[in-house]
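K.L.:
What follows is start.cif, made up of mmCIF, C-alpha atoms and all ligand atoms:
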```
data_structure
#
loop_
_atom_site.label_atom_id
_atom_site.label_comp_id
_atom_site.auth_asym_id
_atom_site.auth_seq_id
_atom_site.Cartn_x
_atom_site.Cartn_y
_atom_site.Cartn_z
CA MET A 1 -122.20 -18.20 -65.31
CA ASN A 2 -119.84 -20.88 -66.55
CA ALA A 3 -118.03 -23.06 -64.03
CA ALA A 4 -114.85 -23.32 -66.10
CA LEU A 5 -114.36 -19.56 -66.39
CA GLU A 6 -115.65 -18.93 -62.87
CA SER A 7 -113.03 -21.33 -61.52
CA GLU A 8 -110.37 -19.07 -63.10
CA TYR A 9 -111.63 -15.98 -61.28
CA ASP A 10 -108.50 -15.71 -59.10
CA ASN A 11 -106.42 -15.93 -62.27
CA LEU A 12 -108.47 -13.05 -63.76
CA LEU A 13 -108.05 -10.98 -60.60
CA ARG A 14 -104.26 -11.23 -60.82
CA CYS A 15 -104.29 -8.70 -63.67
CA ILE A 16 -103.29 -5.32 -62.25
CA ARG A 17 -103.61 -3.67 -65.69
CA CYS A 18 -99.95 -2.68 -65.75
CA ALA A 19 -99.58 -3.12 -69.55
CA ALA A 20 -96.25 -4.95 -69.24
CA CYS A 21 -97.64 -7.63 -71.56
CA LEU A 22 -98.92 -5.48 -74.40
CA SER A 23 -95.81 -5.23 -76.55
CA SER A 24 -95.32 -9.00 -76.39
CA CYS A 25 -98.84 -9.78 -77.65
CA PRO A 26 -98.92 -10.51 -81.40
CA THR A 27 -102.53 -9.45 -81.91
CA TYR A 28 -102.00 -6.21 -79.99
CA VAL A 29 -98.81 -5.50 -81.93
CA LEU A 30 -100.77 -5.91 -85.16
CA SER A 31 -103.92 -4.00 -84.19
CA HIS A 32 -103.00 -1.65 -81.30
CA LYS A 33 -106.50 -2.29 -79.97
CA GLU A 34 -107.04 -2.85 -76.28
CA GLU A 35 -109.60 -5.60 -76.86
CA GLU A 36 -107.07 -7.43 -79.04
CA GLY A 37 -104.50 -7.53 -76.23
CA PRO A 38 -104.18 -9.56 -73.02
CA ARG A 39 -105.44 -6.82 -70.70
CA GLY A 40 -108.54 -6.21 -72.79
CA ARG A 41 -109.29 -9.92 -73.10
CA ILE A 42 -108.98 -10.33 -69.35
CA ALA A 43 -111.32 -7.38 -68.81
CA ILE A 44 -113.89 -8.99 -71.13
CA MET A 45 -113.72 -12.31 -69.31
CA ARG A 46 -113.86 -10.68 -65.89
CA ALA A 47 -116.92 -8.65 -66.89
CA ILE A 48 -118.63 -11.84 -68.08
CA VAL A 49 -117.85 -13.71 -64.87
CA GLU A 50 -119.04 -10.76 -62.77
CA GLY A 51 -122.25 -10.51 -64.79
CA HIS A 52 -121.61 -7.08 -66.36
CA LEU A 53 -121.34 -8.43 -69.90
CA GLN A 54 -123.06 -11.12 -71.94
CA VAL A 55 -121.11 -13.55 -74.09
CA THR A 56 -121.61 -11.59 -77.30
CA PRO A 57 -120.27 -12.57 -80.75
CA ASP A 58 -117.89 -9.61 -80.41
CA ALA A 59 -116.50 -10.95 -77.13
CA VAL A 60 -116.14 -14.41 -78.65
CA GLU A 61 -114.22 -13.00 -81.62
CA HIS A 62 -111.73 -11.15 -79.41
CA LEU A 63 -111.10 -14.25 -77.37
CA GLN A 64 -110.95 -16.54 -80.39
CA SER A 65 -108.37 -14.27 -82.03
CA CYS A 66 -105.96 -14.96 -79.14
CA LEU A 67 -103.23 -17.33 -80.30
CA LEU A 68 -102.81 -18.81 -76.80
CA CYS A 69 -99.12 -18.19 -77.40
CA GLU A 70 -98.42 -17.49 -73.71
CA ALA A 71 -96.16 -14.51 -74.49
CA CYS A 72 -98.25 -12.39 -72.12
CA SER A 73 -98.08 -15.01 -69.35
CA ARG A 74 -94.30 -14.98 -69.60
CA ALA A 75 -94.19 -11.17 -69.50
CA CYS A 76 -96.72 -10.77 -66.70
CA PRO A 77 -95.30 -9.77 -63.29
CA SER A 78 -98.55 -10.77 -61.58
CA GLY A 79 -98.65 -14.38 -62.68
CA VAL A 80 -101.66 -14.28 -65.01
CA GLU A 81 -101.93 -17.58 -66.91
CA MET A 82 -103.61 -16.71 -70.19
CA GLU A 83 -103.77 -20.18 -71.67
CA ARG A 84 -105.94 -21.40 -68.79
CA LEU A 85 -108.23 -18.40 -69.26
CA GLY A 86 -108.51 -18.84 -73.00
CA VAL A 87 -109.26 -22.55 -72.72
CA ALA A 88 -111.91 -21.92 -70.03
CA PHE A 89 -113.58 -19.28 -72.20
CA ARG A 90 -113.56 -21.50 -75.28
CA ALA A 91 -115.01 -24.40 -73.31
CA GLN A 92 -117.84 -22.04 -72.36
CA THR A 93 -118.56 -20.87 -75.89
CA LEU A 94 -118.13 -24.24 -77.59
CA PRO A 95 -121.69 -25.64 -77.24
CA ALA A 96 -124.21 -24.54 -79.83
CA SER A 97 -126.61 -24.06 -76.91
CA ALA A 98 -124.57 -21.04 -75.84
CA GLY A 99 -126.10 -19.20 -78.77
CA HIS A 100 -123.08 -19.33 -81.06
CA ARG A 101 -122.42 -21.24 -84.23
CA SER A 102 -122.23 -25.03 -84.28
CA PRO A 103 -118.88 -26.64 -85.01
CA SER A 104 -118.23 -26.72 -88.76
CA LEU A 105 -117.84 -29.91 -90.74
CA LEU A 106 -114.09 -29.28 -90.85
CA GLU A 107 -113.93 -28.86 -87.06
CA ARG A 108 -115.88 -32.07 -86.52
CA PHE A 109 -113.59 -33.90 -88.94
CA VAL A 110 -110.43 -32.55 -87.32
CA TYR A 111 -111.34 -32.82 -83.63
CA GLY A 112 -113.80 -35.69 -83.75
CA TRP A 113 -112.26 -38.11 -86.23
CA LEU A 114 -108.77 -37.16 -87.43
CA PHE A 115 -107.00 -36.74 -84.10
CA GLY A 116 -109.06 -39.38 -82.35
CA GLU A 117 -106.79 -42.22 -83.48
CA LEU A 118 -103.23 -42.29 -84.81
CA LEU A 119 -104.51 -44.74 -87.43
CA HIS A 120 -106.79 -41.97 -88.75
CA VAL A 121 -103.83 -39.58 -88.88
CA ARG A 122 -101.84 -42.15 -90.87
CA MET A 123 -104.77 -42.73 -93.27
CA THR A 124 -105.14 -38.99 -93.85
CA ALA A 125 -101.40 -38.55 -94.34
CA THR A 126 -101.43 -41.39 -96.88
CA ALA A 127 -104.22 -39.65 -98.80
CA VAL A 128 -102.27 -36.37 -98.78
CA ARG A 129 -99.18 -38.21 -100.02
CA PHE A 130 -101.23 -39.65 -102.90
CA TYR A 131 -102.47 -36.15 -103.74
CA GLN A 132 -98.90 -34.81 -103.72
CA ARG A 133 -97.33 -37.55 -105.81
CA SER A 134 -100.02 -38.72 -108.21
CA GLY A 135 -100.18 -35.53 -110.27
CA LEU A 136 -103.38 -34.36 -108.57
CA ARG A 137 -101.51 -31.52 -106.89
CA TRP A 138 -99.98 -30.43 -110.17
CA LEU A 139 -103.44 -30.44 -111.77
CA ALA A 140 -105.09 -28.61 -108.86
CA ARG A 141 -102.43 -25.91 -108.94
CA HIS A 142 -102.24 -25.48 -112.69
CA LEU A 143 -105.98 -25.59 -113.35
CA GLY A 144 -106.57 -22.93 -110.71
CA VAL A 145 -108.82 -25.22 -108.63
CA LEU A 146 -107.15 -24.19 -105.39
CA ARG A 147 -107.56 -20.50 -106.19
CA VAL A 148 -111.24 -20.93 -107.02
CA LEU A 149 -111.83 -22.82 -103.77
CA GLY A 150 -109.82 -20.26 -101.79
CA LEU A 151 -107.41 -22.97 -100.66
CA ARG A 152 -104.16 -21.86 -102.32
CA ASP A 153 -102.56 -20.42 -99.16
CA LYS A 154 -103.74 -23.27 -96.98
CA GLU A 155 -102.50 -25.91 -99.40
CA ALA A 156 -99.05 -24.28 -99.35
CA LEU A 157 -98.86 -25.09 -95.63
CA LEU A 158 -99.12 -28.85 -96.19
CA PRO A 159 -95.92 -30.72 -95.38
CA GLU A 160 -94.41 -33.11 -97.91
CA ILE A 161 -95.51 -36.50 -96.62
CA PRO A 162 -92.61 -38.97 -96.37
CA ASP A 163 -92.57 -42.54 -97.71
CA ARG A 164 -92.93 -44.18 -94.32
CA PHE A 165 -94.29 -43.31 -90.90
CA VAL A 166 -93.06 -44.00 -87.40
CA VAL A 167 -95.37 -46.53 -85.75
CA PRO A 168 -94.69 -46.86 -82.00
CA GLU A 169 -94.56 -50.57 -81.16
CA GLY A 170 -92.38 -50.60 -78.06
CA GLN A 171 -89.26 -51.25 -80.09
CA PRO A 172 -86.05 -50.44 -78.10
CA SER A 173 -82.84 -49.29 -79.80
CA GLY A 174 -79.40 -48.21 -78.61
CA GLY A 175 -77.95 -48.69 -75.17
CA GLY A 176 -77.51 -46.72 -71.97
CA GLU A 177 -79.97 -44.49 -70.11
CA ALA A 178 -83.56 -45.53 -70.82
CA VAL A 179 -85.76 -42.88 -72.48
CA GLN A 180 -89.21 -43.00 -74.02
CA LEU A 181 -89.96 -41.07 -77.20
CA PHE A 182 -93.29 -39.34 -77.69
CA VAL A 183 -94.04 -38.94 -81.39
CA GLY A 184 -97.78 -38.23 -81.33
CA CYS A 185 -99.67 -37.55 -84.54
CA VAL A 186 -97.90 -35.05 -86.81
CA MET A 187 -94.35 -35.95 -85.76
CA SER A 188 -94.95 -39.66 -86.41
CA THR A 189 -96.33 -39.07 -89.91
CA ALA A 190 -95.56 -35.79 -91.71
CA PHE A 191 -92.30 -35.42 -89.74
CA ALA A 192 -91.46 -39.10 -89.35
CA GLY A 193 -87.89 -38.46 -90.51
CA VAL A 194 -87.39 -35.87 -87.77
CA SER A 195 -88.65 -38.39 -85.22
CA GLU A 196 -86.27 -41.07 -86.51
CA ARG A 197 -83.40 -38.61 -86.21
CA THR A 198 -84.57 -37.61 -82.71
CA ALA A 199 -84.25 -41.26 -81.68
CA GLY A 200 -80.84 -41.38 -83.39
CA LEU A 201 -79.66 -38.32 -81.48
CA ALA A 202 -80.79 -39.79 -78.16
CA ARG A 203 -78.76 -42.89 -79.00
CA ALA A 204 -75.79 -40.71 -79.99
CA PHE A 205 -76.03 -39.11 -76.56
CA GLY A 206 -75.86 -42.49 -74.79
CA CYS A 207 -79.49 -43.56 -74.46
CA GLU A 208 -81.65 -46.58 -75.10
CA VAL A 209 -84.78 -45.32 -76.85
CA THR A 210 -88.23 -46.91 -76.72
CA LEU A 211 -91.37 -45.80 -78.53
CA PRO A 212 -94.23 -46.92 -76.27
CA PRO A 213 -97.20 -48.45 -78.10
CA GLY A 214 -100.64 -47.03 -77.42
CA GLN A 215 -99.45 -43.42 -77.37
CA MET A 216 -101.94 -40.90 -78.76
CA CYS A 217 -102.14 -37.32 -79.92
CA CYS A 218 -101.12 -35.07 -76.97
CA GLY A 219 -104.52 -33.28 -76.91
CA ALA A 220 -103.23 -29.71 -77.37
CA LEU A 221 -105.38 -28.94 -80.40
CA GLN A 222 -108.46 -30.23 -78.62
CA LEU A 223 -107.68 -28.31 -75.42
CA HIS A 224 -107.08 -25.04 -77.25
CA ALA A 225 -110.42 -25.47 -79.00
CA GLY A 226 -112.11 -25.76 -75.59
CA ARG A 227 -112.68 -29.53 -75.92
CA ILE A 228 -111.39 -30.26 -72.46
CA ASP A 229 -113.08 -33.66 -72.06
CA ARG A 230 -111.51 -34.98 -75.26
CA ALA A 231 -108.10 -33.62 -74.24
CA ARG A 232 -108.46 -35.45 -70.91
CA GLU A 233 -109.29 -38.73 -72.66
CA LEU A 234 -106.15 -38.45 -74.79
CA ALA A 235 -104.06 -37.52 -71.75
CA ALA A 236 -105.38 -40.56 -69.86
CA ALA A 237 -104.42 -42.83 -72.78
CA ASN A 238 -100.91 -41.40 -72.79
CA LEU A 239 -100.56 -41.95 -69.04
CA GLU A 240 -101.31 -45.62 -69.67
CA ALA A 241 -98.87 -45.84 -72.57
CA PHE A 242 -95.90 -44.18 -70.84
CA ASP A 243 -95.51 -46.48 -67.90
CA GLY A 244 -92.37 -46.33 -65.72
CA GLN A 245 -89.98 -43.60 -64.62
CA ALA A 246 -87.89 -42.91 -67.73
CA PRO A 247 -87.68 -39.41 -69.20
CA ILE A 248 -90.20 -38.76 -71.97
CA VAL A 249 -88.51 -36.97 -74.88
CA VAL A 250 -90.65 -34.82 -77.22
CA ASN A 251 -89.63 -33.11 -80.47
CA SER A 252 -92.66 -30.85 -80.90
CA ALA A 253 -92.80 -27.79 -78.65
CA GLY A 254 -96.60 -27.71 -78.72
CA CYS A 255 -96.85 -31.35 -77.67
CA GLY A 256 -94.18 -30.93 -75.00
CA ALA A 257 -95.97 -27.96 -73.43
CA MET A 258 -99.19 -29.97 -73.42
CA LEU A 259 -97.62 -33.07 -71.88
CA LYS A 260 -96.07 -30.92 -69.15
CA HIS A 261 -99.57 -29.59 -68.52
CA TYR A 262 -101.13 -33.00 -67.72
CA GLY A 263 -100.92 -32.44 -63.97
CA GLN A 264 -103.23 -29.41 -64.31
CA LEU A 265 -105.45 -31.13 -66.85
CA LEU A 266 -106.00 -34.22 -64.69
CA PRO A 267 -105.77 -32.83 -61.14
CA ILE A 268 -107.32 -35.88 -59.46
CA GLU A 269 -105.15 -38.38 -61.33
CA PRO A 270 -102.05 -38.96 -59.15
CA ARG A 271 -99.94 -40.26 -62.08
CA ALA A 272 -100.43 -37.09 -64.14
CA THR A 273 -98.06 -34.87 -62.15
CA ALA A 274 -95.34 -37.53 -62.13
CA PHE A 275 -95.81 -38.02 -65.90
CA ALA A 276 -95.50 -34.27 -66.53
CA ALA A 277 -92.29 -34.09 -64.49
CA ARG A 278 -90.70 -36.70 -66.78
CA VAL A 279 -91.33 -34.74 -70.00
CA ARG A 280 -88.35 -33.10 -71.72
CA ASP A 281 -88.15 -31.21 -74.96
CA VAL A 282 -85.47 -32.85 -77.11
CA SER A 283 -83.24 -29.75 -76.92
CA GLU A 284 -83.64 -29.58 -73.13
CA PHE A 285 -82.85 -33.30 -72.86
CA LEU A 286 -79.76 -33.32 -75.08
CA ALA A 287 -78.32 -30.08 -73.68
CA ALA A 288 -78.16 -31.74 -70.25
CA ARG A 289 -76.11 -34.68 -71.59
CA GLN A 290 -72.82 -35.33 -73.37
CA PRO A 291 -72.58 -36.88 -76.85
CA LEU A 292 -70.64 -40.12 -77.25
CA GLN A 293 -68.62 -38.57 -80.10
CA SER A 294 -67.53 -35.07 -81.04
CA PRO A 295 -69.72 -33.25 -83.57
CA ARG A 296 -68.77 -32.95 -87.23
CA GLU A 297 -68.41 -29.52 -88.76
CA VAL A 298 -71.65 -28.03 -90.14
CA ARG A 299 -71.27 -24.86 -92.17
CA ARG A 300 -74.48 -22.95 -91.54
CA THR A 301 -75.42 -19.47 -90.39
CA VAL A 302 -78.38 -20.21 -88.15
CA ALA A 303 -81.22 -18.13 -86.73
CA VAL A 304 -83.31 -19.79 -84.03
CA GLN A 305 -87.04 -19.16 -84.26
CA ASP A 306 -88.29 -19.69 -80.72
CA ALA A 307 -91.57 -21.57 -80.84
CA CYS A 308 -94.03 -19.92 -78.44
CA HIS A 309 -94.71 -23.21 -76.73
CA LEU A 310 -91.00 -23.69 -76.16
CA LEU A 311 -89.96 -20.17 -75.13
CA HIS A 312 -93.11 -18.89 -73.42
CA ALA A 313 -94.92 -22.03 -72.26
CA GLN A 314 -91.86 -24.13 -71.34
CA ARG A 315 -89.42 -21.23 -70.76
CA ILE A 316 -86.76 -22.95 -72.88
CA GLY A 317 -84.55 -20.62 -74.94
CA ASP A 318 -80.93 -21.46 -74.09
CA ALA A 319 -80.97 -25.20 -74.78
CA PRO A 320 -81.23 -25.14 -78.60
CA ARG A 321 -78.68 -22.32 -78.80
CA SER A 322 -76.15 -24.09 -76.57
CA LEU A 323 -76.49 -27.29 -78.62
CA LEU A 324 -76.02 -25.42 -81.88
CA SER A 325 -73.09 -23.37 -80.52
CA ALA A 326 -71.26 -26.61 -79.71
CA ILE A 327 -71.19 -27.56 -83.41
CA PRO A 328 -68.07 -26.34 -85.22
CA GLY A 329 -68.95 -24.22 -88.24
CA VAL A 330 -72.36 -23.10 -86.95
CA GLU A 331 -72.67 -19.35 -86.59
CA LEU A 332 -75.72 -18.13 -84.69
CA ARG A 333 -77.60 -15.00 -85.75
CA LEU A 334 -80.02 -13.05 -83.55
CA LEU A 335 -83.55 -12.31 -84.66
CA ASP A 336 -85.32 -9.07 -83.95
CA GLU A 337 -88.66 -9.56 -82.12
CA PRO A 338 -87.57 -13.07 -81.14
CA GLY A 339 -90.59 -13.93 -79.00
CA LEU A 340 -93.28 -12.79 -81.42
CA CYS A 341 -95.46 -15.62 -82.74
CA CYS A 342 -95.07 -16.58 -86.42
CA GLY A 343 -98.86 -16.97 -86.74
CA SER A 344 -99.02 -20.76 -86.87
CA ALA A 345 -100.50 -21.57 -83.42
CA GLY A 346 -102.26 -24.85 -84.13
CA PHE A 347 -104.99 -24.09 -86.68
CA TYR A 348 -104.80 -20.32 -86.26
CA ASN A 349 -103.37 -19.95 -89.75
CA VAL A 350 -106.52 -21.67 -91.03
CA THR A 351 -109.13 -20.01 -88.78
CA HIS A 352 -107.56 -16.50 -88.78
CA SER A 353 -105.69 -16.46 -92.05
CA ASN A 354 -105.32 -12.66 -92.37
CA GLU A 355 -103.75 -12.17 -88.94
CA ALA A 356 -101.62 -15.29 -89.42
CA ALA A 357 -100.39 -14.02 -92.79
CA ALA A 358 -99.41 -10.66 -91.26
CA LEU A 359 -97.46 -12.39 -88.48
CA GLN A 360 -95.88 -14.77 -90.97
CA ALA A 361 -94.69 -11.87 -93.16
CA ARG A 362 -93.32 -10.03 -90.14
CA LYS A 363 -91.42 -13.10 -88.93
CA CYS A 364 -90.03 -13.83 -92.39
CA ASP A 365 -88.84 -10.22 -92.70
CA ARG A 366 -86.97 -10.55 -89.40
CA ILE A 367 -85.37 -13.82 -90.54
CA GLU A 368 -84.29 -12.35 -93.88
CA GLU A 369 -82.85 -9.27 -92.14
CA SER A 370 -80.74 -11.51 -89.87
CA GLY A 371 -78.60 -12.71 -92.78
CA ALA A 372 -79.01 -16.36 -91.74
CA ASP A 373 -78.93 -19.06 -94.41
CA THR A 374 -80.85 -21.44 -92.12
CA VAL A 375 -83.66 -20.95 -89.64
CA VAL A 376 -84.40 -23.65 -87.10
CA THR A 377 -87.36 -24.22 -84.85
CA GLY A 378 -88.57 -26.91 -82.49
CA ASN A 379 -92.20 -27.00 -83.56
CA PRO A 380 -93.72 -28.45 -86.74
CA GLY A 381 -96.38 -25.74 -87.09
CA CYS A 382 -93.78 -22.95 -87.00
CA LEU A 383 -91.63 -24.81 -89.51
CA LEU A 384 -94.46 -25.09 -92.04
CA GLN A 385 -95.67 -21.55 -91.45
CA ILE A 386 -92.21 -20.04 -91.99
CA ARG A 387 -91.34 -22.30 -94.91
CA ALA A 388 -94.53 -21.22 -96.70
CA GLY A 389 -93.60 -17.53 -96.39
CA LEU A 390 -89.82 -17.39 -96.57
CA ARG A 391 -87.43 -16.92 -99.49
CA SER A 392 -86.61 -20.36 -100.86
CA ASP A 393 -82.82 -19.86 -100.54
CA ILE A 394 -83.10 -19.89 -96.73
CA ALA A 395 -83.36 -23.42 -95.33
CA VAL A 396 -86.10 -23.98 -92.76
CA MET A 397 -85.28 -26.94 -90.54
CA HIS A 398 -86.20 -28.60 -87.30
CA VAL A 399 -83.37 -28.07 -84.80
CA VAL A 400 -83.02 -31.86 -84.66
CA ASP A 401 -82.05 -31.92 -88.32
CA VAL A 402 -79.09 -29.56 -87.87
CA LEU A 403 -77.98 -31.56 -84.83
CA ALA A 404 -78.32 -34.73 -86.92
CA GLU A 405 -75.88 -33.31 -89.48
CA ALA A 406 -73.32 -33.00 -86.69
CA TYR A 407 -73.92 -36.18 -84.70
CA LEU A 408 -75.50 -38.86 -86.95
S1 LIG A 501 -98.74 -7.89 -67.59
FE1 LIG A 501 -100.19 -9.14 -66.41
S2 LIG A 501 -100.99 -7.75 -64.86
FE2 LIG A 501 -100.04 -6.45 -66.41
S3 LIG A 501 -101.75 -5.94 -67.84
FE3 LIG A 501 -100.74 -7.77 -68.66
S4 LIG A 501 -101.90 -9.49 -67.82
FE4 LIG A 501 -102.44 -7.68 -66.60
S1 LIG A 502 -101.76 -15.59 -75.38
FE1 LIG A 502 -100.62 -14.47 -76.99
S2 LIG A 502 -102.20 -13.68 -78.40
FE2 LIG A 502 -103.25 -14.28 -76.50
S3 LIG A 502 -103.37 -12.40 -75.28
FE3 LIG A 502 -101.49 -13.48 -74.65
S4 LIG A 502 -99.85 -12.66 -75.94
FE4 LIG A 502 -101.83 -12.05 -76.88
#
```
Starting from the coordinates I provided, produce the structure as structure tokens.

P.N.:
Amino acid sequence: MNAALESEYDNLLRCIRCAACLSSCPTYVLSHKEEEGPRGRIAIMRAIVEGHLQVTPDAVEHLQSCLLCEACSRACPSGVEMERLGVAFRAQTLPASAGHRSPSLLERFVYGWLFGELLHVRMTATAVRFYQRSGLRWLARHLGVLRVLGLRDKEALLPEIPDRFVVPEGQPSGGGEAVQLFVGCVMSTAFAGVSERTAGLARAFGCEVTLPPGQMCCGALQLHAGRIDRARELAAANLEAFDGQAPIVVNSAGCGAMLKHYGQLLPIEPRATAFAARVRDVSEFLAARQPLQSPREVRRTVAVQDACHLLHAQRIGDAPRSLLSAIPGVELRLLDEPGLCCGSAGFYNVTHSNEAAALQARKCDRIEESGADTVVTGNPGCLLQIRAGLRSDIAVMHVVDVLAEAYL
């Protein structure tokens, strides 16, 4: 029996099989199969821990198809924490010695090299930028290379890489309340502009912003893949980098949820809980403060796509809406099925492309039905996933970018 999953036995026992979570679970909504829902997954894990079931490829598939979106945890009246269960299970099934497949070359590249150093992320982003601007992309698309390699859908998810990246070097800017900005890997490269505008917004709300050097990837991708040790190493590096007491502002919902999780990830590290308590999503941070100047008018009809790791994992839904409502000219539209995942979920849209495509299409339908001309989200993965599937006349933006139109 595996120690990681065994240590979650109390968590497993909390499930009273009430079914309150089923309609919130994206994979259950798609399949209507018990084993593709939270209750079925918990039953599988409990049977394994109690010795009634082996870790079969079938069991692995049902647990790997979970998006770790935390919608079920938020819906659960008994306090089941599905992310902890999913991570424990994946940690168990990760080693090749468990009788399952070895990590692929792509997985070793992504988890072992790419997200090991921000320098590696910047090198990879530079290579992608060369591909996008040199004519290679045009050739690959028009010669059908992507279709032959089965990469057409995945390539469409790539963000346009900007001219310059944000490199945290401890540089302070602005004046007032001290805050530290976490930019991590993707938000410092592919979304560097969003991070620059996040810093600008913090200044516009009366803060002095610092980007601590030595900050690393948050570790969420590694944790969700069951690579707990690597996630802990990255968390420890971030504890060192973010010294002091200042709030830590994050503009990626996935990273923010992970940073708030450091106390659980490093239970014997006394600084981890204090670090986690300082973390604020940018919308949460700004909504609790007043801007130095009134907002300009922004004429947009806006639908908010709640990122799972903002709404479910961090329980933040009001903050982006209250910030947007304060901007003259912005009209908010409601989405049907607001808490249902868009199918991004880290690398889910790469590892489970059929399910991700079905969730993407469903989300895009809901957005188009809302009549909004703009959809905003607080997570880069959601932004790319929706942009790749949505009608091109609907703008897909980070919430920071609409706020920037009003305040910067
Ligand atoms: S809502 Fe909670 S207790 Fe009820 S079936 Fe789902 S996981 Fe189990
Ligand atoms: S975390 Fe999401 S996908 Fe996984 S069981 Fe819960 S609701 Fe379903």

K.L.:
Counting only C-alpha atoms and all ligand atoms, figure out which residue out of A:Ala75, A:Ala319, A:Cys25, A:Ala88 gets nearest to ligand LIG 501 (chain A).

P.N.:
A:Ala75

K.L.:
What residues have any atom no more than 6 Å from ligand LIG 502 (chain A) when counting only C-alpha atoms and all ligand atoms, and can you list them as JSON, numbers by chain?

P.N.:
{"A": [24, 25, 26, 27, 37, 38, 66, 67, 68, 69, 70, 71, 72, 82]}

K.L.:
So, with all atoms listed in the file as the atoms that count, which of A:Leu383, A:Leu118, A:Leu63, A:Ile44 lies closest to Asp306 in chain A?

P.N.:
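The answer is A:Leu383, which sits nearest to Asp306 in chain A.
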
K.L.:
Neighbours of ligand LIG 501 (chain A) at 7 Å or closer, counting all atoms listed in the file: which residues, as a list in words?

P.N.:
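Selection of residues at most 7 Å from ligand LIG 501 (chain A): Arg14, Cys15, Ile16, Arg17, Cys18, Ala19, Ala20, Cys21, Leu22, Pro38, Arg39, Cys72, Ser73, Ala75, Cys76, Pro77, Ser78, Gly79 and Val80 of chain A.
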
K.L.:
Figure out the distance between CA of Pro57 in chain A and CA of Ile42 in chain A, please, to one decimal in Å.

P.N.:
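We find that CA of Ile42 in chain A and CA of Pro57 in chain A lie 16.2 Å from each other.
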
K.L.:
Could you jot down the CA of Met45 in chain A to CA of Phe115 in chain A separation for me, Å, one decimal place?

P.N.:
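So the answer is 29.3 Å.
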
K.L.:
Compile the contact shell of Gln245 in chain A as a ChimeraX atom specification: residues with an atom at most 10 Å away, counting all atoms listed in the file, same-chain residues fewer than 4 positions apart removed.

P.N.:
/A:178-180,274-275,277-278

K.L.:
Go ahead and write the residues just picked, C-alpha atoms, as a short mmCIF file (atom, residue, chain, number, x, y, z; two decimals), in the coordinates of the input.

P.N.:
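Listing of selection.cif after writing:
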```
data_model
loop_
_atom_site.label_atom_id
_atom_site.label_comp_id
_atom_site.auth_asym_id
_atom_site.auth_seq_id
_atom_site.Cartn_x
_atom_site.Cartn_y
_atom_site.Cartn_z
CA ALA A 178 -83.56 -45.53 -70.82
CA VAL A 179 -85.76 -42.88 -72.48
CA GLN A 180 -89.21 -43.00 -74.02
CA ALA A 274 -95.34 -37.53 -62.13
CA PHE A 275 -95.81 -38.02 -65.90
CA ALA A 277 -92.29 -34.09 -64.49
CA ARG A 278 -90.70 -36.70 -66.78
#
```

K.L.:
Rank A:Ser65, A:Gln132, A:Thr56, A:Gln305 by their smallest atom-to-atom distance to Asn354 in chain A, using only C-alpha atoms, and report the top residue only.

P.N.:
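Closest residue, counting only C-alpha atoms: A:Ser65.
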
K.L.:
My list of candidates is A:Ala287, A:Asp401, A:His62, A:Gly346. Which is closest to Glu34 in chain A when distances are computed with only C-alpha atoms?

P.N.:
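Nearest candidate to Glu34 in chain A out of A:Ala287, A:Asp401, A:His62, A:Gly346: A:His62.
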
K.L.:
Please measure the separation of CA of Gly226 in chain A and CA of Phe89 in chain A, giving the value in Å to one decimal.

P.N.:
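Spanning CA of Gly226 in chain A to CA of Phe89 in chain A is a straight-line distance of 7.5 Å.
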
K.L.:
Taking all atoms listed in the file into account, name the residue in A:Leu265, A:Leu211, A:Leu201, A:Ala307 that is nearest to Phe285 in chain A.

P.N.:
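The closest residue to Phe285 in chain A is A:Leu201.
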
K.L.:
Go through A:Thr198, A:Asn11, A:Ser31, A:Ser134 and flag the residue nearest Glu405 in chain A, using only C-alpha atoms for the distances.

P.N.:
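So, comparing all the options, the nearest one is A:Thr198.
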
K.L.:
Need the shell around Ala202 in chain A: protein/DNA/RNA residues with any atom at most 8 Å away, counting all atoms listed in the file. Skip same-chain ones fewer than 6 positions apart. Format as a VMD selection string?

P.N.:
chain A and resid 208 to 209 286

K.L.:
Just C-alpha atoms for this one: save the residues we selected as a PDB file, in the coordinates of the input.

P.N.:
```pdb
ATOM      1  CA  GLU A 208     -81.650 -46.580 -75.100  1.00  0.00           C
ATOM      2  CA  VAL A 209     -84.780 -45.320 -76.850  1.00  0.00           C
ATOM      3  CA  LEU A 286     -79.760 -33.320 -75.080  1.00  0.00           C
TER       4      LEU A 286
END
```
